[in-house]
Amino acid sequence: MKPVLPLLLASLLGTAVPSFAASDGAARGLAIALESERRDTGWRDSTVAVTMILQDRRGQTRERRLRLSMLEKPGNDGDKTLTIFDSPPDMAGTLFLSHAVVGADDNLWLYLPSLKRVKRISSSNKTGAFFGSEFAYEDISAPEIGKFTYNYVGDKSCGRLTCFVVERFPAYRNSGYSKLITWFDTSEYRPQRIDYVDRSGRILKVLTLSGYKRYAGRFWRPQTLTMQNNKTGKTTILRYGNYAFGRGLTDAYFSQGNLRNIQ
Amino acid sequence: MRSALWPAVAFSLVAGQAGAQTSLTGSVAGELRYFPQSPAFAGQADDRLQLSTSLEARFSYDFDGGSDRIVVTPFLRFGGAGDGRDHVDLREAYWLHQGDGWSLTAGIDKVFWGVTESRHLVDIINQDDALEDIDGEDKLGQPMVGLSVYGDHGTFSVYVLPWFREREFLGFGRRLGGPAPIGSATFESPDGTSHVDFAVRWSHSVGDLDIGLSYFDGTSREPRMIPTGPALVPHYDQIGQAGLDLQLTAGDWLWKLEAIRRSGHGPDFWAATAGFEWTIPGIAGTGADLGLIAEYSHDGRHPVLAPATIYDDDLFLGARLGLNDINDTSLLAGALIDRDTDARVFLFEGQRRLGENWLLSLEGRFFGGAVAPDPISAIRNDDYLSLSLKRSF
């Protein structure tokens, strides 16, 4: 099943990208997002260690260590993500399991190791902070193509690169944003920057993705994500360690019944 | 040869999901309890301040490429000057084997079932650690062999529980210890604590609905307290209990239900807890989340032939505030209100992290209006505040 999807997308895009007129912003925006996804298809599963640095307005910082495991699902099946907290030490062993759903709220569970309790939590609370960070839940949810509508704005320079600037409009309920202005570089279609525009039209947060490295010859992954909140003055930095791909993780690993076995 | 091997070993250590095959984590905590009132019963010590220390250490060792694991977690509390809370327990001491979609546990472990916040009705595998707290959230380790199979059809688990853990009591004369001495436990089963209990559970998520069905057959974790001369004797009956837990996650609302049907404690009876948790994200333009909880409990048990409960016809109202600040400050306040009597329990729990490794908690419990036979009347003058500082490692 998995090999089919990249082929399908490739055949679709092979004709689609050049044939859209530049004025057709919606189609061009979608085509760019699809091409970005196509280039990042086929990784199957991956794991990575992350250091999350929280910085408040006064420059006070806190560090959290976590590990992410991700399972790629084809087409409209949402990806699955498991987050394991290693620090702060009183949170060690806390787990956050997410099954992305296209066209509805994602399914989320929290595992509390002190009680050994699996707790299904609401995902409509998309604007809530993810564990005290400047990332809202919707910012870290898998950006499935069907979750947005698109509008290509134009090309702009982004550092030493040139970027396609694409507006993504949340197609799901209860988003905290009116749109996400996403900058994909023109050479590899990697997201370089996302401006999160709130409901009143102001840029609430700016995410910068930097230090891209290529893994397994194809998959570009950033080493650092910096989320700057213009409203609160707080910043969250995510530093990624080495990614591993194709570890053979299965759906069973990402099931609620497995949560008590993970450490 | 040797030099060629070392990079491979180093790689496998780095590549291992957990990073390390052996880990030691845990915490040390100091707790100060303050009782503002004199005790209710003659012979009860008029302790106003109690200081104690606790230690929990979790040792874990993964082998066979992570498919097998040994976990040992001792817990101890000590230092109380006669507060009756000194005790040692093995919270965990098990071997775990994991396959693809199944796992087998043998040893001492803890299992939690359920969804509601004010009462854990369906949860039945582990005995309460009643010396730690009166809220039923601390548990004694339970010897078991457990098999779980999980996949597209949910999680199916079976447990064989070969040894029963008696509830420990603070005892007469202590704060929160009640009005009478506690005698030696008696059992309906001639096998006593070596009666073998069984439990099964199936749980699944279907869209927005999480469902759990369970059955337990064996020694009741709740004792009946039988007056015998001047003492109360804990008596453990053999029961059968079917349980259902449901949660519907609908937007910001979590709708919850737990229900049981139990046999063996006098006439068969139903009990249920149902309610909601409503979360309001980013209240007042801040990053703080406010959760409002309302749950109603009904319990149809016999007043004498079944263990007493405080949840016969009670409403719990609570609010949980998470500031989402850098120190993870959170507050919970609530009240359990008996609809038939004036019995009330008020509680609050607040905590924040100090730096990376320290956690400061303040808790309060206040008991009002209860008269016998409501179990709360036994601790009616034992309102307390508890301040604790925990260092995790």
# chains A, B, ... in the order shown; residues from 1 in each chain; ligands from 1
$ closest_atom_pairs --of "chain A" --to "chain B" --cutoff "6 Å" --atoms "only C-alpha atoms" --output "JSON lines"
{"residue": "A:Pro88", "atom": "CA", "partner": "B:Glu356", "partner_atom": "CA", "distance": 5.7}
{"residue": "A:Pro89", "atom": "CA", "partner": "B:Ser392", "partner_atom": "CA", "distance": 5.5}
{"residue": "A:Asp90", "atom": "CA", "partner": "B:Ser392", "partner_atom": "CA", "distance": 5.6}
{"residue": "A:Lys116", "atom": "CA", "partner": "B:Phe112", "partner_atom": "CA", "distance": 5.9}
{"residue": "A:Arg117", "atom": "CA", "partner": "B:Phe112", "partner_atom": "CA", "distance": 5.6}
{"residue": "A:Ser122", "atom": "CA", "partner": "B:Asp252", "partner_atom": "CA", "distance": 5.9}
{"residue": "A:Ser124", "atom": "CA", "partner": "B:Gly251", "partner_atom": "CA", "distance": 4.9}
{"residue": "A:Gly128", "atom": "CA", "partner": "B:Pro281", "partner_atom": "CA", "distance": 5.5}
{"residue": "A:Gly132", "atom": "CA", "partner": "B:Asn324", "partner_atom": "CA", "distance": 4.4}
{"residue": "A:Ala252", "atom": "CA", "partner": "B:Gly101", "partner_atom": "CA", "distance": 5.0}
{"residue": "A:Gly257", "atom": "CA", "partner": "B:Thr155", "partner_atom": "CA", "distance": 5.4}
$ residues_around --residues "B:Asp312" --least-positions-apart "3" --cutoff "8 Å" --atoms "only C-alpha atoms" --output "short mmCIF file (atom, residue, chain, number, x, y, z; two decimals) with N, CA and C atoms, in the first residue's frame"
data_model
loop_
_atom_site.label_atom_id
_atom_site.label_comp_id
_atom_site.auth_asym_id
_atom_site.auth_seq_id
_atom_site.Cartn_x
_atom_site.Cartn_y
_atom_site.Cartn_z
N SER B 297 -22.59 10.76 42.01
CA SER B 297 -22.42 9.35 42.36
C SER B 297 -23.65 8.82 43.07
N HIS B 298 -24.09 7.67 42.63
CA HIS B 298 -25.16 6.95 43.33
C HIS B 298 -24.65 5.56 43.66
N ASP B 299 -25.01 5.06 44.81
CA ASP B 299 -24.57 3.72 45.20
C ASP B 299 -25.71 3.03 45.92
N GLY B 300 -26.14 1.90 45.39
CA GLY B 300 -27.32 1.22 45.93
C GLY B 300 -27.00 0.12 46.93
N ARG B 301 -25.82 0.16 47.53
CA ARG B 301 -25.41 -0.94 48.40
C ARG B 301 -26.19 -0.98 49.72
N THR B 309 -19.96 3.42 52.32
CA THR B 309 -19.40 4.32 51.31
C THR B 309 -19.86 5.74 51.58
N ASP B 338 -23.03 15.67 50.00
CA ASP B 338 -24.03 14.61 50.17
C ASP B 338 -25.40 15.23 50.03
#
$ residues_around --residues "B:Gly369" --least-positions-apart "6" --cutoff "12 Å" --atoms "only C-alpha atoms" --output "CSV table (one decimal) with N, CA and C atoms, in the first residue's frame"
chain,number,residue,atom,x,y,z
B,336,LEU,N,-17.3,17.7,47.7
B,336,LEU,CA,-18.2,16.5,47.6
B,336,LEU,C,-19.3,16.8,48.5
B,337,ILE,N,-20.5,16.8,48.0
B,337,ILE,CA,-21.7,17.2,48.7
B,337,ILE,C,-22.7,16.1,48.8
B,338,ASP,N,-23.0,15.7,50.0
B,338,ASP,CA,-24.0,14.6,50.2
B,338,ASP,C,-25.4,15.2,50.0
B,339,ARG,N,-26.2,14.7,49.2
B,339,ARG,CA,-27.5,15.3,48.9
B,339,ARG,C,-28.6,15.0,50.0
B,340,ASP,N,-28.3,14.0,50.8
B,340,ASP,CA,-29.3,13.6,51.8
B,340,ASP,C,-28.9,14.1,53.2
B,341,THR,N,-27.6,14.4,53.5
B,341,THR,CA,-27.2,14.8,54.8
B,341,THR,C,-26.4,16.1,54.6
B,342,ASP,N,-25.9,16.6,55.7
B,342,ASP,CA,-25.1,17.8,55.6
B,342,ASP,C,-23.6,17.5,55.4
B,343,ALA,N,-23.3,16.2,55.2
B,343,ALA,CA,-21.9,15.8,55.0
B,343,ALA,C,-21.2,16.5,53.8
B,344,ARG,N,-20.1,17.1,54.0
B,344,ARG,CA,-19.4,17.8,53.0
B,344,ARG,C,-17.9,17.5,53.1
B,345,VAL,N,-17.2,17.3,52.0
B,345,VAL,CA,-15.8,17.3,52.0
B,345,VAL,C,-15.3,18.3,51.0
B,346,PHE,N,-14.4,19.2,51.5
B,346,PHE,CA,-13.8,20.2,50.6
B,346,PHE,C,-12.3,19.9,50.5
B,375,PRO,N,-19.1,7.4,56.9
B,375,PRO,CA,-17.6,7.2,57.3
B,375,PRO,C,-16.9,8.5,57.5
B,376,ILE,N,-17.3,9.6,57.0
B,376,ILE,CA,-16.6,10.9,57.2
B,376,ILE,C,-16.7,11.3,58.6
B,377,SER,N,-17.8,10.9,59.3
B,377,SER,CA,-17.9,11.3,60.7
B,377,SER,C,-16.7,10.8,61.6
B,378,ALA,N,-16.1,9.7,61.2
B,378,ALA,CA,-15.0,9.2,61.9
B,378,ALA,C,-13.7,10.1,61.8
B,379,ILE,N,-13.7,11.0,60.9
B,379,ILE,CA,-12.5,11.9,60.7
B,379,ILE,C,-13.0,13.3,60.7
B,380,ARG,N,-14.1,13.6,61.4
B,380,ARG,CA,-14.8,14.9,61.2
B,380,ARG,C,-13.9,16.1,61.8
B,381,ASN,N,-13.1,15.8,62.8
B,381,ASN,CA,-12.2,16.8,63.4
B,381,ASN,C,-10.8,16.8,62.8
$ residues_around --residues "B:Glu349" --least-positions-apart "2" --cutoff "9 Å" --atoms "only C-alpha atoms" --output "list of chain:residue names"
B:Ser330, B:Leu331, B:Leu332, B:Ala333, B:Leu347, B:Gln351, B:Ser361, B:Leu362, B:Glu363, B:Gly364, B:Arg365
$ residues_around --residues "stretch 200-216 of chain A" --least-positions-apart "2" --cutoff "8 Å" --atoms "only C-alpha atoms" --output "list of chain:residue names"
A:Ser178, A:Pro191, A:Gln192, A:Arg193, A:Ile194, A:Asp195, A:Tyr196, A:Val197, A:Asp198, A:Arg218, A:Phe219, A:Trp220, A:Arg221, A:Pro222, A:Gln223, A:Thr224, A:Leu225, A:Thr226, A:Met227, A:Gln228, A:Asn229, A:Asn230, A:Lys231, A:Tyr243, A:Phe245
$ write_last_selection --atoms "N, CA and C atoms" --output "CSV table (one decimal), in the first residue's frame"
chain,number,residue,atom,x,y,z
A,178,SER,N,-6.5,32.5,11.9
A,178,SER,CA,-7.3,32.7,10.7
A,178,SER,C,-6.5,32.1,9.5
A,191,PRO,N,9.5,23.5,4.7
A,191,PRO,CA,9.0,24.7,5.4
A,191,PRO,C,10.1,25.4,6.2
A,192,GLN,N,10.3,26.7,5.9
A,192,GLN,CA,11.4,27.5,6.6
A,192,GLN,C,10.9,28.4,7.7
A,193,ARG,N,9.6,28.8,7.5
A,193,ARG,CA,9.1,29.7,8.4
A,193,ARG,C,7.5,29.6,8.4
A,194,ILE,N,6.9,29.8,9.5
A,194,ILE,CA,5.4,29.9,9.5
A,194,ILE,C,5.0,31.0,10.4
A,195,ASP,N,4.2,32.0,9.8
A,195,ASP,CA,3.6,33.1,10.6
A,195,ASP,C,2.2,32.6,11.0
A,196,TYR,N,1.9,32.6,12.3
A,196,TYR,CA,0.6,32.2,12.8
A,196,TYR,C,-0.2,33.5,12.9
A,197,VAL,N,-1.2,33.7,12.1
A,197,VAL,CA,-2.0,34.9,12.1
A,197,VAL,C,-3.3,34.6,12.9
A,198,ASP,N,-3.5,35.4,14.0
A,198,ASP,CA,-4.7,35.1,14.8
A,198,ASP,C,-6.0,35.6,14.2
A,218,ARG,N,17.0,11.3,1.4
A,218,ARG,CA,15.9,12.0,0.9
A,218,ARG,C,15.1,12.9,1.9
A,219,PHE,N,15.1,12.6,3.1
A,219,PHE,CA,14.2,13.2,4.0
A,219,PHE,C,14.9,14.4,4.8
A,220,TRP,N,14.4,15.6,4.5
A,220,TRP,CA,15.0,16.8,5.2
A,220,TRP,C,14.4,17.0,6.5
A,221,ARG,N,15.2,17.2,7.5
A,221,ARG,CA,14.7,17.4,8.9
A,221,ARG,C,15.4,18.6,9.5
A,222,PRO,N,14.7,19.5,10.1
A,222,PRO,CA,15.4,20.7,10.8
A,222,PRO,C,16.0,20.2,12.1
A,223,GLN,N,17.0,20.9,12.4
A,223,GLN,CA,17.7,20.7,13.7
A,223,GLN,C,17.1,21.6,14.8
A,224,THR,N,16.6,22.7,14.4
A,224,THR,CA,16.1,23.7,15.4
A,224,THR,C,14.8,24.3,15.0
A,225,LEU,N,13.8,24.3,15.9
A,225,LEU,CA,12.6,25.0,15.7
A,225,LEU,C,12.5,26.1,16.7
A,226,THR,N,12.3,27.3,16.3
A,226,THR,CA,12.2,28.4,17.3
A,226,THR,C,10.8,29.1,17.1
A,227,MET,N,10.0,29.0,18.2
A,227,MET,CA,8.7,29.6,18.2
A,227,MET,C,8.7,30.9,19.1
A,228,GLN,N,8.5,32.0,18.4
A,228,GLN,CA,8.5,33.3,19.1
A,228,GLN,C,7.0,33.8,19.2
A,229,ASN,N,6.6,34.0,20.4
A,229,ASN,CA,5.2,34.5,20.6
A,229,ASN,C,5.3,36.0,20.8
A,230,ASN,N,4.7,36.7,19.8
A,230,ASN,CA,4.8,38.2,19.8
A,230,ASN,C,3.9,38.8,20.9
A,231,LYS,N,2.9,38.1,21.3
A,231,LYS,CA,2.0,38.6,22.3
A,231,LYS,C,2.5,38.5,23.8
A,243,TYR,N,17.9,11.9,13.9
A,243,TYR,CA,16.7,11.1,13.5
A,243,TYR,C,17.1,9.7,13.1
A,245,PHE,N,15.2,6.4,11.0
A,245,PHE,CA,14.1,6.1,10.1
A,245,PHE,C,14.0,4.6,9.9
$ select_by_dssp --residues "stretch 8-245 of chain A" --states "strand (DSSP E)" --output "number ranges by chain"
A: 45-55, 61-71, 77-85, 95-101, 107-112, 117-121, 148-158, 161-170, 177-185, 191-198, 203-210, 213-215, 219-221, 224-229, 235-240, 244-245
$ write_last_selection --atoms "C-alpha atoms" --output "mmCIF file, in the first residue's frame"
data_model
loop_
_atom_site.group_PDB
_atom_site.id
_atom_site.type_symbol
_atom_site.label_atom_id
_atom_site.label_comp_id
_atom_site.auth_asym_id
_atom_site.auth_seq_id
_atom_site.Cartn_x
_atom_site.Cartn_y
_atom_site.Cartn_z
ATOM 1 C CA ASP A 45 8.442 5.591 10.810
ATOM 2 C CA SER A 46 10.979 7.701 12.616
ATOM 3 C CA THR A 47 12.242 8.505 16.070
ATOM 4 C CA VAL A 48 14.114 11.517 17.388
ATOM 5 C CA ALA A 49 15.242 12.944 20.716
ATOM 6 C CA VAL A 50 14.222 16.538 21.390
ATOM 7 C CA THR A 51 15.300 19.154 23.885
ATOM 8 C CA MET A 52 12.569 21.694 24.521
ATOM 9 C CA ILE A 53 13.759 25.007 25.931
ATOM 10 C CA LEU A 54 11.113 27.288 27.418
ATOM 11 C CA GLN A 55 12.074 30.911 27.816
ATOM 12 C CA THR A 61 14.634 29.245 30.948
ATOM 13 C CA ARG A 62 13.545 25.663 31.615
ATOM 14 C CA GLU A 63 14.672 22.615 29.727
ATOM 15 C CA ARG A 64 12.646 19.528 28.953
ATOM 16 C CA ARG A 65 13.851 16.380 27.266
ATOM 17 C CA LEU A 66 11.498 14.296 25.216
ATOM 18 C CA ARG A 67 11.544 11.570 22.614
ATOM 19 C CA LEU A 68 9.247 11.412 19.615
ATOM 20 C CA SER A 69 8.194 8.369 17.641
ATOM 21 C CA MET A 70 6.200 8.865 14.470
ATOM 22 C CA LEU A 71 4.353 6.464 12.190
ATOM 23 C CA ASP A 77 -5.213 8.078 7.418
ATOM 24 C CA GLY A 78 -3.593 10.443 9.880
ATOM 25 C CA ASP A 79 -0.037 9.930 11.109
ATOM 26 C CA LYS A 80 0.491 8.653 14.643
ATOM 27 C CA THR A 81 2.856 10.297 17.104
ATOM 28 C CA LEU A 82 4.032 9.262 20.540
ATOM 29 C CA THR A 83 5.833 11.729 22.805
ATOM 30 C CA ILE A 84 7.771 10.405 25.782
ATOM 31 C CA PHE A 85 8.818 12.878 28.485
ATOM 32 C CA LEU A 95 3.294 9.944 27.479
ATOM 33 C CA PHE A 96 1.295 11.842 24.900
ATOM 34 C CA LEU A 97 -0.226 9.776 22.118
ATOM 35 C CA SER A 98 -1.786 11.377 19.065
ATOM 36 C CA HIS A 99 -3.680 9.793 16.186
ATOM 37 C CA ALA A 100 -4.194 12.504 13.580
ATOM 38 C CA VAL A 101 -7.606 12.491 11.904
ATOM 39 C CA ASN A 107 -7.560 11.548 18.970
ATOM 40 C CA LEU A 108 -5.276 12.239 21.936
ATOM 41 C CA TRP A 109 -4.397 10.275 25.029
ATOM 42 C CA LEU A 110 -2.246 11.116 27.998
ATOM 43 C CA TYR A 111 -0.569 8.428 30.098
ATOM 44 C CA LEU A 112 0.158 9.329 33.711
ATOM 45 C CA ARG A 117 -3.796 5.900 34.020
ATOM 46 C CA VAL A 118 -4.585 6.359 30.332
ATOM 47 C CA LYS A 119 -6.673 9.488 29.908
ATOM 48 C CA ARG A 120 -8.349 10.489 26.667
ATOM 49 C CA ILE A 121 -8.091 14.255 26.357
ATOM 50 C CA PHE A 148 -6.213 23.118 5.194
ATOM 51 C CA THR A 149 -7.208 25.097 2.159
ATOM 52 C CA TYR A 150 -4.432 26.974 0.378
ATOM 53 C CA ASN A 151 -3.515 30.191 -1.349
ATOM 54 C CA TYR A 152 -0.199 30.852 -3.053
ATOM 55 C CA VAL A 153 0.842 34.468 -2.434
ATOM 56 C CA GLY A 154 4.131 34.772 -4.296
ATOM 57 C CA ASP A 155 7.864 34.143 -4.075
ATOM 58 C CA LYS A 156 9.936 35.986 -1.509
ATOM 59 C CA SER A 157 13.513 35.727 -0.413
ATOM 60 C CA CYS A 158 14.038 33.856 2.844
ATOM 61 C CA LEU A 161 16.999 30.936 -0.296
ATOM 62 C CA THR A 162 13.885 31.879 -2.187
ATOM 63 C CA CYS A 163 10.570 30.761 -0.758
ATOM 64 C CA PHE A 164 7.094 30.063 -2.037
ATOM 65 C CA VAL A 165 4.812 31.887 0.350
ATOM 66 C CA VAL A 166 1.583 29.942 0.830
ATOM 67 C CA GLU A 167 -1.327 30.844 3.055
ATOM 68 C CA ARG A 168 -2.876 27.808 4.725
ATOM 69 C CA PHE A 169 -6.393 28.250 6.086
ATOM 70 C CA PRO A 170 -7.454 25.773 8.800
ATOM 71 C CA TYR A 177 -5.746 31.089 13.717
ATOM 72 C CA SER A 178 -7.254 32.715 10.675
ATOM 73 C CA LYS A 179 -4.323 31.515 8.585
ATOM 74 C CA LEU A 180 -0.791 30.186 8.663
ATOM 75 C CA ILE A 181 1.599 31.916 6.269
ATOM 76 C CA THR A 182 4.005 29.148 5.389
ATOM 77 C CA TRP A 183 7.315 29.690 3.613
ATOM 78 C CA PHE A 184 8.555 26.713 1.583
ATOM 79 C CA ASP A 185 11.983 27.053 -0.001
ATOM 80 C CA PRO A 191 8.991 24.712 5.447
ATOM 81 C CA GLN A 192 11.382 27.466 6.556
ATOM 82 C CA ARG A 193 9.052 29.720 8.442
ATOM 83 C CA ILE A 194 5.414 29.854 9.547
ATOM 84 C CA ASP A 195 3.626 33.054 10.595
ATOM 85 C CA TYR A 196 0.593 32.226 12.754
ATOM 86 C CA VAL A 197 -2.042 34.873 12.125
ATOM 87 C CA ASP A 198 -4.692 35.149 14.815
ATOM 88 C CA ILE A 203 0.839 37.790 13.508
ATOM 89 C CA LEU A 204 0.648 36.078 16.900
ATOM 90 C CA LYS A 205 3.640 33.766 16.591
ATOM 91 C CA VAL A 206 6.512 33.147 14.217
ATOM 92 C CA LEU A 207 8.090 29.710 13.827
ATOM 93 C CA THR A 208 11.532 29.450 12.263
ATOM 94 C CA LEU A 209 12.860 26.071 11.109
ATOM 95 C CA SER A 210 16.599 25.909 10.626
ATOM 96 C CA LYS A 213 19.853 17.961 7.346
ATOM 97 C CA ARG A 214 19.085 15.207 4.896
ATOM 98 C CA TYR A 215 18.507 11.681 6.218
ATOM 99 C CA PHE A 219 14.206 13.232 4.049
ATOM 100 C CA TRP A 220 15.019 16.754 5.158
ATOM 101 C CA ARG A 221 14.659 17.406 8.879
ATOM 102 C CA THR A 224 16.112 23.661 15.437
ATOM 103 C CA LEU A 225 12.594 25.044 15.677
ATOM 104 C CA THR A 226 12.165 28.442 17.300
ATOM 105 C CA MET A 227 8.657 29.620 18.183
ATOM 106 C CA GLN A 228 8.479 33.298 19.089
ATOM 107 C CA ASN A 229 5.242 34.529 20.643
ATOM 108 C CA THR A 235 9.967 31.737 23.188
ATOM 109 C CA THR A 236 10.150 27.972 22.854
ATOM 110 C CA ILE A 237 13.100 26.320 21.141
ATOM 111 C CA LEU A 238 13.090 22.689 20.055
ATOM 112 C CA ARG A 239 16.486 21.157 19.357
ATOM 113 C CA TYR A 240 16.386 17.860 17.524
ATOM 114 C CA ALA A 244 16.325 7.415 12.906
ATOM 115 C CA PHE A 245 14.106 6.105 10.115
#
$ atom_distance --atom1 "atom CA of A:Tyr137" --atom2 "atom CA of A:Tyr172"
13.1 Å
$ select_by_dssp --residues "stretch 15-193 of chain A" --states "alpha helix (DSSP H)" --output "number ranges by chain"
A: 15-19, 25-39, 137-140
$ residues_around --residues "stretch 193-202 of chain B" --least-positions-apart "3" --cutoff "7 Å" --atoms "only C-alpha atoms" --output "PDB file with N, CA and C atoms, in the first residue's frame"
ATOM      1  N   GLY B 154      -9.115  -3.180  19.960  1.00  0.00           N
ATOM      2  CA  GLY B 154      -8.996  -2.686  21.318  1.00  0.00           C
ATOM      3  C   GLY B 154      -7.994  -3.493  22.107  1.00  0.00           C
ATOM      4  N   THR B 155      -8.061  -3.361  23.412  1.00  0.00           N
ATOM      5  CA  THR B 155      -7.133  -4.036  24.308  1.00  0.00           C
ATOM      6  C   THR B 155      -7.904  -5.034  25.149  1.00  0.00           C
ATOM      7  N   PHE B 156      -7.467  -6.284  25.122  1.00  0.00           N
ATOM      8  CA  PHE B 156      -8.088  -7.320  25.929  1.00  0.00           C
ATOM      9  C   PHE B 156      -7.053  -7.806  26.937  1.00  0.00           C
ATOM     10  N   SER B 157      -7.429  -7.763  28.226  1.00  0.00           N
ATOM     11  CA  SER B 157      -6.480  -8.144  29.271  1.00  0.00           C
ATOM     12  C   SER B 157      -7.103  -9.153  30.220  1.00  0.00           C
ATOM     13  N   VAL B 158      -6.301 -10.137  30.643  1.00  0.00           N
ATOM     14  CA  VAL B 158      -6.726 -11.067  31.700  1.00  0.00           C
ATOM     15  C   VAL B 158      -5.675 -11.049  32.803  1.00  0.00           C
ATOM     16  N   TYR B 159      -6.154 -11.152  34.028  1.00  0.00           N
ATOM     17  CA  TYR B 159      -5.257 -11.118  35.180  1.00  0.00           C
ATOM     18  C   TYR B 159      -5.585 -12.268  36.127  1.00  0.00           C
ATOM     19  N   VAL B 160      -4.548 -12.925  36.601  1.00  0.00           N
ATOM     20  CA  VAL B 160      -4.671 -13.881  37.696  1.00  0.00           C
ATOM     21  C   VAL B 160      -3.958 -13.242  38.880  1.00  0.00           C
ATOM     22  N   LEU B 161      -4.681 -13.137  40.014  1.00  0.00           N
ATOM     23  CA  LEU B 161      -4.176 -12.387  41.166  1.00  0.00           C
ATOM     24  C   LEU B 161      -4.045 -13.358  42.344  1.00  0.00           C
ATOM     25  N   PRO B 162      -2.848 -13.921  42.533  1.00  0.00           N
ATOM     26  CA  PRO B 162      -2.727 -15.053  43.442  1.00  0.00           C
ATOM     27  C   PRO B 162      -2.573 -14.688  44.917  1.00  0.00           C
ATOM     28  N   TRP B 163      -2.459 -13.445  45.252  1.00  0.00           N
ATOM     29  CA  TRP B 163      -2.240 -13.082  46.652  1.00  0.00           C
ATOM     30  C   TRP B 163      -2.986 -11.795  46.930  1.00  0.00           C
ATOM     31  N   PHE B 164      -3.671 -11.752  48.080  1.00  0.00           N
ATOM     32  CA  PHE B 164      -4.485 -10.599  48.438  1.00  0.00           C
ATOM     33  C   PHE B 164      -3.732  -9.685  49.399  1.00  0.00           C
ATOM     34  N   ARG B 165      -3.811  -8.395  49.133  1.00  0.00           N
ATOM     35  CA  ARG B 165      -3.203  -7.420  50.050  1.00  0.00           C
ATOM     36  C   ARG B 165      -4.290  -6.823  50.939  1.00  0.00           C
ATOM     37  N   GLY B 212     -14.856   0.746  28.165  1.00  0.00           N
ATOM     38  CA  GLY B 212     -14.190  -0.336  28.882  1.00  0.00           C
ATOM     39  C   GLY B 212     -15.224  -1.225  29.538  1.00  0.00           C
ATOM     40  N   LEU B 213     -15.052  -2.543  29.390  1.00  0.00           N
ATOM     41  CA  LEU B 213     -15.914  -3.512  30.063  1.00  0.00           C
ATOM     42  C   LEU B 213     -15.011  -4.404  30.889  1.00  0.00           C
ATOM     43  N   SER B 214     -15.403  -4.661  32.149  1.00  0.00           N
ATOM     44  CA  SER B 214     -14.520  -5.444  33.001  1.00  0.00           C
ATOM     45  C   SER B 214     -15.318  -6.372  33.905  1.00  0.00           C
ATOM     46  N   TYR B 215     -14.663  -7.415  34.372  1.00  0.00           N
ATOM     47  CA  TYR B 215     -15.264  -8.292  35.372  1.00  0.00           C
ATOM     48  C   TYR B 215     -14.180  -8.739  36.335  1.00  0.00           C
ATOM     49  N   PHE B 216     -14.549  -8.736  37.610  1.00  0.00           N
ATOM     50  CA  PHE B 216     -13.630  -9.158  38.669  1.00  0.00           C
ATOM     51  C   PHE B 216     -14.323 -10.217  39.492  1.00  0.00           C
ATOM     52  N   ASP B 217     -13.600 -11.265  39.846  1.00  0.00           N
ATOM     53  CA  ASP B 217     -14.132 -12.300  40.716  1.00  0.00           C
ATOM     54  C   ASP B 217     -13.088 -12.597  41.779  1.00  0.00           C
ATOM     55  N   GLY B 218     -13.439 -12.325  43.041  1.00  0.00           N
ATOM     56  CA  GLY B 218     -12.466 -12.610  44.090  1.00  0.00           C
ATOM     57  C   GLY B 218     -12.737 -11.832  45.358  1.00  0.00           C
ATOM     58  N   THR B 219     -11.663 -11.591  46.091  1.00  0.00           N
ATOM     59  CA  THR B 219     -11.763 -10.971  47.408  1.00  0.00           C
ATOM     60  C   THR B 219     -11.950  -9.467  47.260  1.00  0.00           C
TER      61      THR B 219
END
$ atom_distance --atom1 "atom CA of A:Asn258" --atom2 "atom CA of B:Ile108"
18.3 Å
$ closest_residue --among "A:Thr41, A:Ser123, A:Thr186, A:Ser141" --to "A:Arg173" --atoms "only C-alpha atoms"
A:Ser123
$ atom_distance --atom1 "atom CA of B:Ala271" --atom2 "atom CA of B:Phe367"
23.4 Å
